[in-house]
Amino acid sequence: MIHKDFQGLSISRLGMGCMRLPTTAPGHGAPIDRPKAVEILEHVYENGVNYFDTAYMYHGGESERILGEVLPRFRRDSYFLADKMPGNMFAQIRKPYRVIFEEQLERTKADHFDFYLLHNLNAETESLYGDEDLGIIPYLLEQKRRGRIRYLGFSNHASTPILTRFLDRFDCFDFVQLHLNYLDWTMQDAQGKYETVQAHGLPVWVMEPVRGGRLASLNPAADAVLQAAAPDRSVSSWAFRWLQSLPGVQIVLSGMTTLDQAKDNLRTFAKPDPLSADEQAALAKAVSLLKEDGMVPCTKCRYCDGCPQDLDIPELLALYNESRLGVSFALMSGLNSVAEGRRPKDCIACGECVPKCPQGIDIPGTFAEFAKKIETLPRFGPPPPPKPATP
């Protein structure tokens with residue numbers, strides 16, 4: 001396992017993100033499959049991963065609790081625990097932030113957090129986190145002085161100007177967590193955000209390196225390019241190796257849902273192995289082939305939850321992306337699993353989800369397009385007349 005120094009600490013370059021732990025059933029909201037999750041957590045720890053990232057709302061709070069079960073089995077000075085203040089979800093949680101912080105310590109069975117973050121800086125939360133009367137940042141700095149937080153940072157989904165303004169205003173942070181991958185380097189100006197953080201003298205933590213799994217398989221043509229260039233490597237490993245080329249990156253978080261994913265990632269981070277010049281060229285070709293498909297850049301972060309029509313927006317966008325690859329079993333079975341009344345045609349275009357989306361996706365417009373496409377599929381046309389009742 002590659003490690004990198006951070007203020008005298010040796011931290012694994014690969015971090016365990018605990019937002020996508022295995023569940024007992026498909027779909028959002030299913031309980032964590034505890035035996036499988038424990039197996040993954042123990043395996044990555046035993047193979048050199050010493051950074052574990054969670055948040056208050058991950059898996060409905062169960063992500064924090066399972067770390068509170070597993071991590072105390074290890075020496076406290078052998079791993080680093082990271083958690084987040086969910087300012088982006090205060091309206092849903094309806095608890096004072098002081099209560100939330102204490103609850104997080106209780107859930108994780110910890111007496112301190114090694115790393116603590118403001119969760120999801122964006123256009124809406126910038127004013128909340130910077131509100132002097134509310135005092136979130138002063139409170140967290142007090143916890144840092146008390147030794148209950150060692151290092152303070154924030155995760156960013158804001159535009160480059162907002163990120164710059166926030167860093168210019170507050171010089172109390174030790175690191176910044178960025179949505180960063182090779183596709184968003186230009187699509188979401190991740191390059192500008194990375195350079196902004198570097199200009200402020202801070203290291204970068206990476207989230208969404210594989211875009212919620214989207215970069216684990218691009219499309220047949222793009223995958224073929226990458227597999228021809230590196231036959232013995234997974235498609236997802238290209239995303240991690242691309243990040244190794246950025247000197248400002250300290251940690252790359254990966255939400256490992258299966259043991260096979262964990263093992264593949266551990267192989268990728270066994271030694272420094274950034275992309276060669278020829279591999280960079282192959283990746284650029286693969287990206288151009290992917291963009292031709294017109295995919296939407298959803299990462300299933302679920303900041304759009306709360307649709308007034310109760311649409312599962314990330315799942316519907318995933319099906320939209322699947323539809324861009326043609327009619328498939330995955331598409332048809334996925335559409336069949338969506339309840340009536342919760343399909344793309346049921347979007348009322350209220351626009352509530354649009355400002356919440358870190359990717360800037362035109363969700364109502366995408367659903368309108370998708371609804372028209374679904375109407376052309378034989379199994380989703382006008383329903384057949386009802387069968388006569390059995391006498």
# chains A, B, ... in the order shown; residues from 1 in each chain; ligands from 1
>>> residues_around(residues="range 222-239 of chain A", least_positions_apart="3", cutoff="8 Å", atoms="only C-alpha atoms", output="list of chain:residue names")
A:Asn181, A:Tyr182, A:Pro209, A:Val210, A:Gly213, A:Leu215, A:Ala216, A:Ser217, A:Leu218, A:Asn219, A:Trp242, A:Leu243, A:Asp264, A:Asn265, A:Thr268, A:Leu275, A:Glu279, A:Ala282, A:Leu283, A:Lys285, A:Ala286, A:Val287, A:Leu289, A:Leu290
>>> residues_around(residues="Pro22 in chain A", least_positions_apart="4", cutoff="8 Å", atoms="only C-alpha atoms", output="count of residues only")
7
>>> select_by_dssp(residues="range 21-142 of chain A", states="strand (DSSP E)", output="JSON, numbers by chain")
{"A": [51, 52, 53, 80, 81, 82, 83, 84, 85, 113, 114, 115, 116, 117, 118, 119, 120, 121]}
>>> residues_around(residues="range 109-111 of chain A", least_positions_apart="2", cutoff="10 Å", atoms="only C-alpha atoms", output="PyMOL selection string")
chain A and resi 64-72+76+81+102-107+113-114+147-149
>>> atom_distance(atom1="CA of Ser63 in chain A", atom2="CA of Val44 in chain A")
16.0 Å
>>> select_by_dssp(residues="range 131-173 of chain A", states="alpha helix (DSSP H)", output="number ranges by chain")
A: 136-145, 160-169
>>> closest_residue(among="A:Leu21, A:Ile348, A:Leu202, A:Val327", to="Gln7 in chain A", atoms="only C-alpha atoms")
A:Leu202
>>> residues_around(residues="Pro355 in chain A", least_positions_apart="6", cutoff="12 Å", atoms="only C-alpha atoms", output="count of residues only")
13
>>> atom_distance(atom1="CA of Gly8 in chain A", atom2="CA of Tyr151 in chain A")
12.6 Å
>>> closest_residue(among="A:Tyr45, A:Phe6, A:Tyr51, A:Phe170", to="Lys263 in chain A", atoms="only C-alpha atoms")
A:Tyr45
